[in-house]
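Enquirer: So I've got this file, target_12.txt, and it contains compact mmCIF, C-alpha atoms:
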# COMPACT_ATOMS: atom_id res chain seq x y z
CA MET A 681 -9.04 8.84 -22.44
CA SER A 682 -6.22 11.32 -21.92
CA ASN A 683 -4.69 14.15 -23.89
CA HIS A 684 -1.22 12.97 -22.83
CA THR A 685 -0.79 11.08 -26.10
CA LYS A 686 -0.12 14.46 -27.77
CA GLN A 687 2.85 15.14 -25.52
CA PRO A 688 6.47 14.51 -26.57
CA GLN A 689 8.40 11.59 -25.13
CA VAL A 690 9.66 11.74 -21.57
CA ARG A 691 13.34 12.55 -21.16
CA ARG A 692 13.27 13.60 -17.51
CA ARG A 693 10.93 12.31 -14.82
CA ARG A 694 10.44 12.71 -11.07
CA VAL A 695 8.98 9.71 -9.26
CA PHE A 696 7.62 9.87 -5.70
CA TYR A 697 7.03 6.50 -4.06
CA ILE A 698 4.66 6.31 -1.08
CA PRO A 699 5.13 3.02 0.81
CA GLY A 700 2.42 1.16 2.64
CA TYR A 701 2.35 0.62 6.40
CA ASP A 702 6.01 -0.34 6.69
CA PRO A 703 8.48 0.47 9.52
CA ILE A 704 11.54 -0.36 7.37
CA HIS A 705 14.13 2.21 6.22
CA PRO A 706 13.47 3.42 2.65
CA ARG A 707 16.78 2.00 1.40
CA ARG A 708 14.85 -1.28 1.15
CA TYR A 709 12.95 0.17 -1.80
CA ARG A 710 16.11 1.38 -3.50
CA GLU A 711 17.68 -2.07 -3.29
CA LEU A 712 14.47 -3.69 -4.48
CA TYR A 713 14.39 -1.32 -7.48
CA ARG A 714 18.04 -2.05 -8.23
CA LYS A 715 17.68 -5.83 -8.07
CA GLU A 716 14.34 -6.18 -9.82
CA GLY A 717 15.05 -3.47 -12.38
CA ARG A 718 18.18 -5.29 -13.50
CA ALA A 719 16.22 -8.55 -13.75
CA GLN A 720 13.40 -6.97 -15.77
CA ALA A 721 15.86 -5.24 -18.11
CA ASP A 722 17.55 -8.57 -18.85
CA ILE A 723 14.17 -10.19 -19.56
CA SER A 724 12.72 -7.35 -21.63
CA GLY A 725 15.83 -6.24 -23.50
CA TYR A 726 16.36 -2.68 -22.32
CA GLU A 727 18.98 -0.98 -20.17
CA ILE A 728 18.58 0.43 -16.69
CA ALA A 729 21.20 1.68 -14.24
CA ILE A 730 20.85 3.05 -10.72
CA SER A 731 23.17 5.44 -8.90
CA PRO A 732 22.96 7.19 -5.51
CA LYS A 733 21.07 10.44 -5.26
CA SER A 734 23.23 13.51 -4.70
CA GLY A 735 22.37 16.47 -2.51
CA GLU A 736 20.04 17.04 0.41
CA GLY A 737 16.35 16.29 0.73
CA LEU A 738 14.35 13.10 0.48
CA PHE A 739 15.93 9.67 0.36
CA GLY A 740 16.12 8.49 -3.23
CA TRP A 741 18.17 7.34 -6.19
CA HIS A 742 18.91 8.28 -9.79
CA VAL A 743 17.90 6.05 -12.71
CA HIS A 744 19.32 6.17 -16.24
CA SER A 745 17.48 4.00 -18.73
CA ARG A 746 17.58 3.27 -22.45
CA GLN A 747 14.26 1.98 -23.72
CA ASP A 748 12.78 1.91 -27.21
CA GLY A 749 15.60 4.00 -28.63
CA ALA A 750 15.25 6.78 -26.03
CA GLU A 751 17.31 7.77 -22.99
CA VAL A 752 15.45 8.71 -19.84
CA GLN A 753 16.76 10.28 -16.63
CA VAL A 754 14.71 9.68 -13.49
CA GLU A 755 14.93 10.92 -9.92
CA CYS A 756 13.13 8.48 -7.61
CA GLU A 757 12.35 9.63 -4.07
CA VAL A 758 10.55 8.00 -1.15
CA LEU A 759 7.91 9.96 0.74
CA VAL A 760 8.69 8.57 4.17
CA TRP A 761 6.23 7.92 6.98
CA SER A 762 7.96 4.86 8.45
CA ASP A 763 8.71 6.81 11.66
CA ILE A 764 4.97 7.25 12.22
CA VAL A 765 4.49 3.55 11.56
CA ARG A 766 7.20 2.61 14.07
CA ASP A 767 5.64 4.83 16.73
CA SER A 768 2.26 3.20 16.19
CA MET A 769 3.82 -0.26 16.61
CA SER A 770 5.49 0.44 19.95
CA ASN A 771 2.62 -0.86 22.06
CA SER A 772 3.11 -3.41 24.81
CA ILE A 773 1.66 -6.91 24.52
CA PRO A 774 -1.40 -6.09 26.71
CA ALA A 775 -1.98 -2.88 24.71
CA THR A 776 -1.88 -4.87 21.47
CA TYR A 777 -4.64 -7.17 22.75
CA LEU A 778 -6.68 -4.12 23.69
CA GLN A 779 -6.08 -2.86 20.14
CA LEU A 780 -7.38 -6.17 18.84
CA LEU A 781 -10.63 -5.81 20.78
CA ARG A 782 -11.15 -2.19 19.78
CA THR A 783 -10.34 -2.78 16.10
CA ALA A 784 -12.64 -5.81 15.88
CA TRP A 785 -15.39 -3.82 17.58
CA ILE A 786 -15.05 -0.94 15.12
CA TYR A 787 -15.11 -3.07 11.96
CA ILE A 788 -17.86 -5.38 13.23
CA GLY A 789 -19.92 -2.78 15.08
CA THR A 790 -20.01 -0.32 12.17
CA GLY A 791 -20.88 -3.06 9.68
CA ALA A 792 -17.74 -2.28 7.64
CA LEU A 793 -16.46 -5.86 7.89
CA TRP A 794 -19.56 -7.35 6.26
CA ARG A 795 -19.39 -4.77 3.44
CA LEU A 796 -15.71 -5.48 2.85
CA MET A 797 -16.47 -9.19 2.55
CA ARG A 798 -18.68 -8.39 -0.45
CA LEU A 799 -15.59 -7.18 -2.31
CA ARG A 800 -12.74 -9.68 -1.99
CA LYS A 801 -12.37 -12.45 0.55
CA GLY A 802 -8.55 -12.40 0.44
CA PRO A 803 -7.87 -9.08 2.22
CA VAL A 804 -10.66 -9.76 4.73
CA ILE A 805 -9.04 -13.10 5.56
CA ALA A 806 -5.72 -11.25 5.83
CA ALA A 807 -7.40 -8.84 8.25
CA LEU A 808 -8.81 -11.70 10.34
CA TYR A 809 -5.49 -13.57 10.35
CA PRO A 810 -3.80 -11.47 13.08
CA VAL A 811 -6.96 -11.72 15.21
CA GLY A 812 -6.96 -15.50 15.00
CA MET A 813 -3.20 -15.76 15.41
CA LEU A 814 -3.05 -13.49 18.47
CA ILE A 815 -6.01 -15.23 20.10
CA GLY A 816 -4.32 -18.55 19.38
CA GLN A 817 -1.08 -17.36 20.99
CA LEU A 818 -2.98 -16.16 24.05
CA ALA A 819 -4.83 -19.48 24.28
CA ILE A 820 -1.56 -21.41 24.20
CA ALA A 821 -0.05 -19.17 26.88
CA LEU A 822 -3.14 -19.53 29.11
CA ALA A 823 -3.14 -23.32 28.60
CA VAL A 824 0.53 -23.46 29.64
CA ALA A 825 -0.23 -21.29 32.69
CA TRP A 826 -3.15 -23.54 33.67
CA GLY A 827 -1.12 -26.70 33.21
CA LEU A 828 1.80 -25.42 35.30
CA THR A 829 -0.57 -24.20 38.00
CA MET A 830 -2.09 -27.65 38.24
CA LEU A 831 1.36 -29.26 38.43
CA LEU A 832 2.50 -26.89 41.18
CA TRP A 833 -0.76 -26.80 43.11
CA ASN A 834 0.06 -29.65 45.52
CA LEU A 835 3.47 -28.15 46.23
CA ALA A 836 2.76 -24.42 46.43
CA GLY A 837 -1.00 -23.88 46.27
CA TRP A 838 -1.91 -20.43 44.98
CA LEU A 839 1.75 -19.44 44.95
CA GLY A 840 2.15 -21.73 41.96
CA VAL A 841 0.17 -19.22 39.89
CA VAL A 842 3.06 -16.75 39.98
CA PRO A 843 5.70 -18.81 38.08
CA ALA A 844 2.95 -20.13 35.78
CA CYS A 845 1.93 -16.59 34.82
CA LEU A 846 5.57 -15.51 34.37
CA ILE A 847 6.25 -18.42 32.02
CA ALA A 848 3.02 -17.72 30.09
CA TYR A 849 4.03 -14.07 29.64
CA ALA A 850 7.53 -15.15 28.56
CA LEU A 851 5.85 -17.35 25.93
CA LEU A 852 3.86 -14.36 24.66
CA ARG A 853 7.07 -12.34 24.48
CA TRP A 854 8.67 -15.13 22.44
CA PHE A 855 5.75 -15.10 20.01
CA ARG A 856 6.26 -11.37 19.55
CA LYS A 857 9.99 -11.85 19.06
CA ILE A 858 9.39 -14.18 16.11
CA ASP A 859 6.71 -11.95 14.58
CA ASN A 860 9.03 -11.28 11.63
CA ARG A 861 7.91 -14.77 10.56
CA LEU A 862 4.31 -14.70 11.78
CA PHE A 863 3.33 -11.06 10.99
CA ALA A 864 0.51 -11.17 13.56
CA TYR A 865 1.55 -8.09 15.54
CA TYR A 866 2.56 -6.24 12.38
CA LEU A 867 -0.83 -6.74 10.71
CA MET A 868 -2.71 -6.03 13.91
CA HIS A 869 -0.97 -2.67 14.26
CA ASP A 870 -1.66 -1.94 10.59
CA TYR A 871 -5.42 -2.46 10.83
CA ALA A 872 -5.59 -0.83 14.25
CA TYR A 873 -3.90 2.30 12.90
CA SER A 874 -6.56 2.66 10.19
CA ALA A 875 -9.40 1.93 12.59
CA MET A 876 -8.19 3.99 15.56
CA TRP A 877 -9.92 7.15 14.34
CA LYS A 878 -12.66 5.27 12.45
CA GLY A 879 -11.19 6.41 9.13
CA ALA A 880 -10.36 10.01 10.04
CA VAL A 881 -6.80 11.17 9.30
CA PRO A 882 -4.82 11.62 12.55
CA ALA A 883 -3.15 14.99 13.07
CA GLN A 884 0.44 13.70 12.83
CA LEU A 885 -0.25 11.93 9.54
CA LYS A 886 -2.20 14.91 8.18
CA LYS A 887 0.84 17.11 8.77
CA ARG A 888 3.11 14.60 7.01
CA LEU A 889 0.74 14.42 4.04
CA SER A 890 0.90 18.21 3.74
CA GLU A 891 4.67 17.82 3.46
CA PHE A 892 4.17 15.20 0.74
CA THR A 893 1.98 17.67 -1.15
CA ALA A 894 4.66 20.35 -0.89
CA HIS A 895 7.34 18.01 -2.29
CA ILE A 896 5.14 17.09 -5.25
CA GLN A 897 4.26 20.71 -5.90
CA ARG A 898 7.94 21.74 -5.99
CA ALA A 899 8.65 18.91 -8.45
CA LEU A 900 5.95 20.27 -10.77
CA GLU A 901 7.92 23.51 -10.90
CA CYS A 902 11.06 21.73 -12.12
CA ASP A 903 12.26 21.14 -15.67
CA VAL A 904 10.86 17.63 -16.08
CA ASP A 905 8.36 16.06 -18.46
CA GLU A 906 6.39 14.02 -15.94
CA VAL A 907 5.86 13.88 -12.19
CA LEU A 908 4.70 10.39 -11.28
CA VAL A 909 3.34 9.55 -7.81
CA VAL A 910 3.27 5.83 -6.95
CA GLY A 911 1.20 4.67 -3.98
CA HIS A 912 1.56 1.05 -2.88
CA SER A 913 -0.86 -0.68 -0.50
CA SER A 914 -1.80 1.84 2.23
CA GLY A 915 0.32 4.38 0.36
CA ALA A 916 -2.40 4.45 -2.31
CA HIS A 917 -4.96 6.31 -0.22
CA LEU A 918 -2.23 8.53 1.25
CA GLY A 919 -1.43 9.51 -2.32
CA VAL A 920 -5.10 10.27 -2.95
CA ILE A 921 -5.15 12.70 -0.02
CA SER A 922 -1.84 14.35 -0.97
CA LEU A 923 -2.77 14.86 -4.63
CA ALA A 924 -6.29 16.06 -3.86
CA ASN A 925 -4.80 18.68 -1.53
CA LEU A 926 -2.42 19.78 -4.28
CA LEU A 927 -5.00 19.99 -7.06
CA ARG A 928 -7.53 21.84 -4.93
CA VAL A 929 -5.04 24.59 -4.16
CA ARG A 930 -2.79 24.68 -7.20
CA GLY A 931 -4.50 23.02 -10.13
CA LEU A 932 -2.47 22.05 -13.18
CA SER A 933 -1.20 24.10 -16.10
CA ASN A 934 -1.23 22.69 -19.62
CA ASP A 935 2.36 23.75 -20.30
CA GLY A 936 3.98 22.19 -17.23
CA PRO A 937 5.02 18.63 -16.46
CA ARG A 938 2.36 15.94 -16.76
CA LEU A 939 1.07 14.74 -13.38
CA ALA A 940 0.30 11.05 -13.05
CA PHE A 941 -0.76 8.75 -10.23
CA LEU A 942 -0.17 4.98 -10.14
CA THR A 943 -1.76 2.97 -7.34
CA LEU A 944 -0.60 -0.61 -6.76
CA GLY A 945 -2.24 -3.29 -4.61
CA GLN A 946 -4.48 -0.72 -2.93
CA VAL A 947 -6.37 -1.38 0.30
CA THR A 948 -8.37 1.86 0.27
CA PRO A 949 -11.74 0.30 1.28
CA MET A 950 -10.25 -0.73 4.65
CA VAL A 951 -10.32 3.00 5.47
CA SER A 952 -12.93 4.52 3.15
CA PHE A 953 -15.63 2.12 4.41
CA LEU A 954 -15.31 3.47 7.98
CA PRO A 955 -17.79 6.08 9.25
CA GLU A 956 -15.37 8.96 9.87
CA ALA A 957 -13.50 8.66 6.56
CA ARG A 958 -15.32 11.70 5.13
CA ASP A 959 -12.09 13.45 4.13
CA LEU A 960 -10.82 10.42 2.23
CA ARG A 961 -14.14 9.90 0.48
CA SER A 962 -14.17 13.59 -0.47
CA ASP A 963 -10.68 13.28 -1.91
CA LEU A 964 -11.55 10.12 -3.85
CA LYS A 965 -14.57 11.88 -5.35
CA PHE A 966 -12.60 15.03 -6.20
CA LEU A 967 -9.60 13.24 -7.70
CA SER A 968 -11.72 10.93 -9.84
CA ASN A 969 -13.25 13.91 -11.66
CA GLN A 970 -10.01 15.68 -12.59
CA SER A 971 -8.96 16.28 -16.19
CA ASN A 972 -5.40 16.91 -17.42
CA PHE A 973 -4.30 14.20 -15.03
CA THR A 974 -3.92 10.41 -15.17
CA TRP A 975 -4.71 7.85 -12.48
CA VAL A 976 -4.13 4.16 -13.16
CA ASP A 977 -4.90 1.52 -10.54
CA VAL A 978 -3.13 -1.84 -10.94
CA SER A 979 -3.84 -4.93 -8.87
CA ALA A 980 -4.16 -8.69 -9.33
CA PRO A 981 -6.65 -11.25 -8.00
CA GLY A 982 -3.63 -13.36 -7.03
CA ASP A 983 -2.68 -10.74 -4.44
CA GLY A 984 -4.63 -11.79 -1.36
CA CYS A 985 -3.59 -8.68 0.58
CA ALA A 986 -5.19 -6.16 -1.81
CA PHE A 987 -8.72 -5.31 -2.85
CA ALA A 988 -7.92 -6.46 -6.34
CA LEU A 989 -9.80 -4.85 -9.24
CA CYS A 990 -12.07 -2.95 -6.83
CA ASP A 991 -12.52 0.60 -8.12
CA PRO A 992 -11.79 2.54 -4.89
CA VAL A 993 -14.01 5.46 -5.90
CA SER A 994 -17.03 3.46 -7.01
CA VAL A 995 -17.06 0.88 -4.20
CA SER A 996 -16.77 3.72 -1.67
CA GLY A 997 -20.02 5.10 -3.07
CA VAL A 998 -18.70 8.50 -4.20
CA ALA A 999 -18.56 8.11 -7.99
CA THR A 1000 -20.33 10.84 -9.99
CA ASP A 1001 -21.40 11.20 -13.60
CA GLN A 1002 -18.18 13.19 -14.17
CA LYS A 1003 -15.93 10.36 -12.95
CA ARG A 1004 -12.85 9.83 -15.15
CA TRP A 1005 -10.49 7.86 -12.90
CA PRO A 1006 -9.00 5.52 -11.96
CA LEU A 1007 -8.41 3.23 -14.91
CA VAL A 1008 -8.55 -0.17 -13.16
CA LEU A 1009 -6.23 -2.76 -14.71
CA SER A 1010 -5.09 -6.25 -13.75
CA ALA A 1011 -1.45 -7.25 -13.39
CA ALA A 1012 -2.72 -10.80 -14.13
CA PHE A 1013 -0.09 -12.68 -12.15
CA THR A 1014 -1.15 -16.05 -13.58
CA GLN A 1015 -0.36 -14.76 -17.07
CA THR A 1016 2.61 -12.46 -16.45
CA LEU A 1017 4.48 -14.95 -14.27
CA SER A 1018 5.62 -18.28 -15.65
CA VAL A 1019 4.04 -21.44 -14.29
CA GLU A 1020 7.21 -22.18 -12.34
CA ARG A 1021 7.44 -18.67 -10.90
CA TRP A 1022 3.75 -18.57 -10.00
CA ARG A 1023 4.04 -21.95 -8.27
CA GLU A 1024 6.99 -20.60 -6.27
CA LEU A 1025 5.22 -17.39 -5.18
CA ARG A 1026 1.57 -18.42 -4.97
CA TRP A 1027 1.43 -19.05 -1.23
CA ARG A 1028 3.94 -16.32 -0.27
CA PHE A 1029 1.21 -13.75 0.27
CA PHE A 1030 3.35 -10.86 1.49
CA ARG A 1031 5.89 -11.33 -1.30
CA LEU A 1032 3.09 -11.34 -3.87
CA HIS A 1033 1.82 -8.06 -2.41
CA PHE A 1034 5.13 -6.52 -3.55
CA GLN A 1035 5.16 -8.18 -6.98
CA TYR A 1036 3.98 -4.94 -8.61
CA LEU A 1037 7.41 -3.49 -7.80
CA CYS A 1038 9.26 -6.53 -9.13
CA ALA A 1039 10.23 -8.21 -12.39
CA PHE A 1040 7.80 -10.36 -14.38
CA ASP A 1041 9.31 -13.21 -16.36
CA ARG A 1042 6.40 -13.07 -18.84
CA PRO A 1043 5.77 -9.30 -18.85
CA GLY A 1044 2.51 -7.97 -20.25
CA LEU A 1045 1.16 -4.44 -20.53
CA TYR A 1046 2.21 -3.53 -16.98
CA ASP A 1047 5.94 -3.22 -16.32
CA TYR A 1048 6.94 -1.11 -13.30
CA PHE A 1049 10.30 -0.21 -14.81
CA ARG A 1050 8.84 0.86 -18.14
CA VAL A 1051 6.29 2.99 -16.28
CA THR A 1052 8.86 4.65 -14.01
CA ALA A 1053 11.85 4.80 -16.36
CA GLY A 1054 10.44 4.54 -19.89
CA PRO A 1055 9.92 7.29 -22.50
CA LEU A 1056 6.10 7.35 -22.29
CA THR A 1057 4.00 9.17 -19.72
CA LEU A 1058 1.57 7.07 -17.74
CA GLY A 1059 -1.23 8.57 -19.83
CA GLN A 1060 0.47 7.69 -23.10
CA ARG A 1061 1.31 4.17 -21.99
CA PHE A 1062 -2.26 3.28 -21.11
CA ALA A 1063 -4.14 5.53 -23.56
CA GLY A 1064 -7.15 3.83 -25.05
CA ARG A 1065 -6.96 0.85 -22.73
CA ALA A 1066 -10.30 -0.51 -21.52
CA PRO A 1067 -10.63 -1.18 -17.78
CA SER A 1068 -10.59 -4.76 -16.57
CA LYS A 1069 -13.88 -6.50 -17.31
CA SER A 1070 -13.79 -8.25 -13.94
CA ARG A 1071 -13.48 -5.06 -11.92
CA ILE A 1072 -15.97 -4.28 -9.13
CA ASP A 1073 -17.33 -0.77 -9.72
CA HIS A 1074 -20.67 -0.53 -7.92
CA PRO A 1075 -21.28 1.13 -4.52
CA VAL A 1076 -20.73 -1.19 -1.56
CA SER A 1077 -19.81 1.00 1.41
CA LYS A 1078 -22.49 1.72 4.00
CA PHE A 1079 -20.94 5.09 4.78
CA ARG A 1080 -20.85 7.51 1.83
CA SER A 1081 -20.90 10.94 3.44
CA VAL A 1082 -18.21 13.39 2.38
CA ARG A 1083 -16.70 16.51 3.86
CA SER A 1084 -19.08 19.44 3.53
Translate this file's structure into structure tokens.

Expert:
Amino acid sequence: MSNHTKQPQVRRRRVFYIPGYDPIHPRRYRELYRKEGRAQADISGYEIAISPKSGEGLFGWHVHSRQDGAEVQVECEVLVWSDIVRDSMSNSIPATYLQLLRTAWIYIGTGALWRLMRLRKGPVIAALYPVGMLIGQLAIALAVAWGLTMLLWNLAGWLGVVPACLIAYALLRWFRKIDNRLFAYYLMHDYAYSAMWKGAVPAQLKKRLSEFTAHIQRALECDVDEVLVVGHSSGAHLGVISLANLLRVRGLSNDGPRLAFLTLGQVTPMVSFLPEARDLRSDLKFLSNQSNFTWVDVSAPGDGCAFALCDPVSVSGVATDQKRWPLVLSAAFTQTLSVERWRELRWRFFRLHFQYLCAFDRPGLYDYFRVTAGPLTLGQRFAGRAPSKSRIDHPVSKFRSVRS
């Protein structure tokens, strides 16, 4: 499947992590790597140590690992777009409800929602959750306003509407305040951001992705054995765009570092199924045909927030006869997590969506810390592996046009 098996072992690696739609500071990912890497090393019997990154540039950390008799040095860096996420989440409560109406209209009106439901029910339910939750919150607030108006009517008449409306709005503000537990506003902003331009890449994000491409290109000019780009959730299709831009302009030399792409818990169809996502569909088509490059897509049916085992190229309707990638594999949570651990995490949907970045107490073929800090390239590690038999790899999207 890849000529990477002929390459020597990795001693030095650069890892670029692209987060999903997340407003949190990137130090969260460093601490997650530190905690979960230590846990996985204890379980799997290797050594891994993390230290702060020195110098200017991107936020990141240094990893020193001993695995399978080899020492590996890794520089992990986060390609940040959390500031763009925060800006997109700064809407008022009324503006969020307008977002809800517009986003629902786009997905329903274009037919994208019905196509997405043919893939996996989990992420579609996750997409409908904020709609139902926000409508439910509004219904409660309106019911409170109506009840108070009725109570005050004999005393104040129409004037009773004013305090009733103020209390109802205060209730909506309280719901938003506790959204760190409900995730309704967060998810609504997430889906609205993808739908706002009907799948087209907004100018601010396009500029940021060009910066991502430049960082990756500079890494390929360094003295390392592998440059690994990891895209999680929405970060998966951002990685597709960044790498397609790089390979179109630069290409890859056979004597430089190996370039590899790992996508985890991807939600690409939420964007690629929209009518104006021609650029993304073009990039998916282009990237899937590249040689001298590795792209592995890992997901798990137990992750209800991802389009698990859905080949993002094929389901988007842009696969060609020359298609090589991605290799679609399952993290198989029910097998790689113990019964006790699975029972603990099963209904914690957002935590499960991050399990790809965490320790498995019954690790299988996929181990994030072996992939990012082990002595094998991504191509070597998964060479000869057959794709998951339960993957979905036939065209489903209604919109399949690409950039001309």

Enquirer: Mind running stretch 975-1069 of chain A against stretch 695-704 of chain A at 12 Å and telling me each contacting residue's nearest atom pair with the distance in Å (one decimal), counting only C-alpha atoms, chain and number ascending, as a tab-separated table?

Expert:
residue	atom	partner	partner_atom	distance
A:Cys985	CA	A:Gly700	CA	11.7
A:Ala986	CA	A:Gly700	CA	11.5
A:His1033	CA	A:Gly700	CA	10.5
A:Phe1034	CA	A:Gly700	CA	10.2
A:Leu1037	CA	A:Tyr697	CA	10.7
A:Tyr1048	CA	A:Val695	CA	11.7
A:Phe1049	CA	A:Val695	CA	11.4
A:Val1051	CA	A:Val695	CA	10.1
A:Thr1052	CA	A:Val695	CA	6.9
A:Ala1053	CA	A:Val695	CA	9.1
A:Gly1054	CA	A:Val695	CA	11.9
A:Thr1057	CA	A:Val695	CA	11.6
A:Leu1058	CA	A:Val695	CA	11.6

Enquirer: So that I can see what lies close to A:Glu901, please list as a ChimeraX atom specification the residues with an atom at most 10 Å from it, counting all atoms listed in the file and leaving out residues fewer than 5 positions away in the same chain.

Expert: /A:896,907,936-937

Enquirer: Go through A:Leu799, A:Ile723, A:Leu908, A:Ala850 one by one, measure the shortest atom-to-atom distance of each to A:Ile1072 using all atoms listed in the file, and give the residue with the smallest value.

Expert: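 Checking each of A:Leu799, A:Ile723, A:Leu908, A:Ala850 against A:Ile1072, counting all atoms listed in the file, the winner is A:Leu799.
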
Enquirer: Between A:Trp741, A:Phe953, A:Phe941, A:Phe1079, which one has atoms that come closest to A:Ala875, using only C-alpha atoms?

Expert: A:Phe953

Enquirer: Can you build me a table of stretch 850-916 of chain A residues sitting at most 10 Å from stretch 688-693 of chain A, with the closest atom pair per residue and its distance in Å to one decimal, using all atoms listed in the file, sorted by chain and residue number, as CSV?

Expert:
residue,atom,partner,partner_atom,distance
A:Ala899,CA,A:Arg693,CA,9.5
A:Cys902,CA,A:Arg693,CA,9.8
A:Asp903,CA,A:Arg692,CA,7.8
A:Val904,CA,A:Arg692,CA,4.9
A:Asp905,CA,A:Val690,CA,5.5
A:Glu906,CA,A:Arg693,CA,5.0
A:Val907,CA,A:Arg693,CA,5.9
A:Leu908,CA,A:Arg693,CA,7.4

Enquirer: Could you write out that same residue set with C-alpha atoms as a PDB file, in the frame of the given file?

Expert:
ATOM      1  CA  ALA A 899       8.650  18.910  -8.450  1.00  0.00           C
ATOM      2  CA  CYS A 902      11.060  21.730 -12.120  1.00  0.00           C
ATOM      3  CA  ASP A 903      12.260  21.140 -15.670  1.00  0.00           C
ATOM      4  CA  VAL A 904      10.860  17.630 -16.080  1.00  0.00           C
ATOM      5  CA  ASP A 905       8.360  16.060 -18.460  1.00  0.00           C
ATOM      6  CA  GLU A 906       6.390  14.020 -15.940  1.00  0.00           C
ATOM      7  CA  VAL A 907       5.860  13.880 -12.190  1.00  0.00           C
ATOM      8  CA  LEU A 908       4.700  10.390 -11.280  1.00  0.00           C
TER       9      LEU A 908
END

Enquirer: May I ask for the distance between atom CA of A:His744 and atom CA of A:Thr943, given in Å to one decimal place?

Expert: 23.1 Å

Enquirer: Could you work out how far atom CA of A:Ala980 lies from atom CA of A:Gly1044, giving the answer in Å with one decimal?

Expert: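 So the two atoms, atom CA of A:Gly1044 and atom CA of A:Ala980, lie 12.8 Å apart.
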
Enquirer: Within 12 Å of stretch 867-871 of chain A, which residues of stretch 940-998 of chain A come that close, and what is the closest atom pair and distance in Å for each? Count only C-alpha atoms and give it as CSV.

Expert:
residue,atom,partner,partner_atom,distance
A:Val947,CA,A:Tyr871,CA,10.6
A:Thr948,CA,A:Tyr871,CA,11.8
A:Pro949,CA,A:Tyr871,CA,11.8
A:Met950,CA,A:Tyr871,CA,8.0
A:Val951,CA,A:Tyr871,CA,9.1
A:Leu954,CA,A:Tyr871,CA,11.9
A:Cys985,CA,A:Leu867,CA,10.7

Enquirer: A:Glu891: which residues within 9 Å, counting all atoms listed in the file, same-chain residues fewer than 4 positions away excluded, as JSON, numbers by chain?

Expert: {"A": [759, 886, 887, 895, 896, 922]}

Enquirer: For A:Ala924, work out the shell of residues within 10 Å, counting all atoms listed in the file and skipping chain neighbours fewer than 4 positions away, then give it as a ChimeraX atom specification.

Expert: /A:893,918-920,928-931,960,962-968,970

Enquirer: Using the selection just defined, write its residues with C-alpha atoms as a CSV table (one decimal), keeping the file's coordinate frame.

Expert:
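Written file, part23.csv:
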chain,number,residue,atom,x,y,z
A,893,THR,CA,2.0,17.7,-1.2
A,918,LEU,CA,-2.2,8.5,1.2
A,919,GLY,CA,-1.4,9.5,-2.3
A,920,VAL,CA,-5.1,10.3,-3.0
A,928,ARG,CA,-7.5,21.8,-4.9
A,929,VAL,CA,-5.0,24.6,-4.2
A,930,ARG,CA,-2.8,24.7,-7.2
A,931,GLY,CA,-4.5,23.0,-10.1
A,960,LEU,CA,-10.8,10.4,2.2
A,962,SER,CA,-14.2,13.6,-0.5
A,963,ASP,CA,-10.7,13.3,-1.9
A,964,LEU,CA,-11.6,10.1,-3.8
A,965,LYS,CA,-14.6,11.9,-5.4
A,966,PHE,CA,-12.6,15.0,-6.2
A,967,LEU,CA,-9.6,13.2,-7.7
A,968,SER,CA,-11.7,10.9,-9.8
A,970,GLN,CA,-10.0,15.7,-12.6

Enquirer: Go through A:Leu852, A:Leu1045, A:Ala940, A:Ala750 one by one, measure the shortest atom-to-atom distance of each to A:Leu814 using all atoms listed in the file, and give the residue with the smallest value.

Expert: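 Among A:Leu852, A:Leu1045, A:Ala940, A:Ala750, it is A:Leu852 that comes nearest to A:Leu814.
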
Enquirer: Would you please work out which residue, of A:Gln946, A:Ser914, A:Ser770, A:Asn972, is nearest to A:Tyr865 when using all atoms listed in the file?

Expert: A:Ser770

Enquirer: Just want the 8 Å neighbourhood of A:Leu1007, counted on all atoms listed in the file, with same-chain residues fewer than 2 positions away dropped. Output as a list of chain:residue names.

Expert: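 In the requested form, the answer reads A:Trp975, A:Val976, A:Asp977, A:Arg1004, A:Trp1005, A:Leu1009, A:Ala1066, A:Pro1067.
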
Enquirer: Residues near A:Tyr787, anyone? I mean within 9 Å using only C-alpha atoms, not counting same-chain ones fewer than 5 positions away, as an mmCIF file with C-alpha atoms, in the coordinates of the input.

Expert:
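Below is the file that was written, result12.cif:
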data_model
loop_
_atom_site.group_PDB
_atom_site.id
_atom_site.type_symbol
_atom_site.label_atom_id
_atom_site.label_comp_id
_atom_site.auth_asym_id
_atom_site.auth_seq_id
_atom_site.Cartn_x
_atom_site.Cartn_y
_atom_site.Cartn_z
ATOM 1 C CA ARG A 782 -11.150 -2.190 19.780
ATOM 2 C CA ALA A 792 -17.740 -2.280 7.640
ATOM 3 C CA LEU A 793 -16.460 -5.860 7.890
ATOM 4 C CA TRP A 794 -19.560 -7.350 6.260
ATOM 5 C CA ALA A 875 -9.400 1.930 12.590
ATOM 6 C CA LYS A 878 -12.660 5.270 12.450
ATOM 7 C CA LEU A 954 -15.310 3.470 7.980
#

Enquirer: Would you please work out which residue, of A:Trp761, A:Trp833, A:Phe739, A:Phe855, is nearest to A:Phe892 when using only C-alpha atoms?

Expert: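 That would be A:Trp761, the residue with the smallest distance to A:Phe892.
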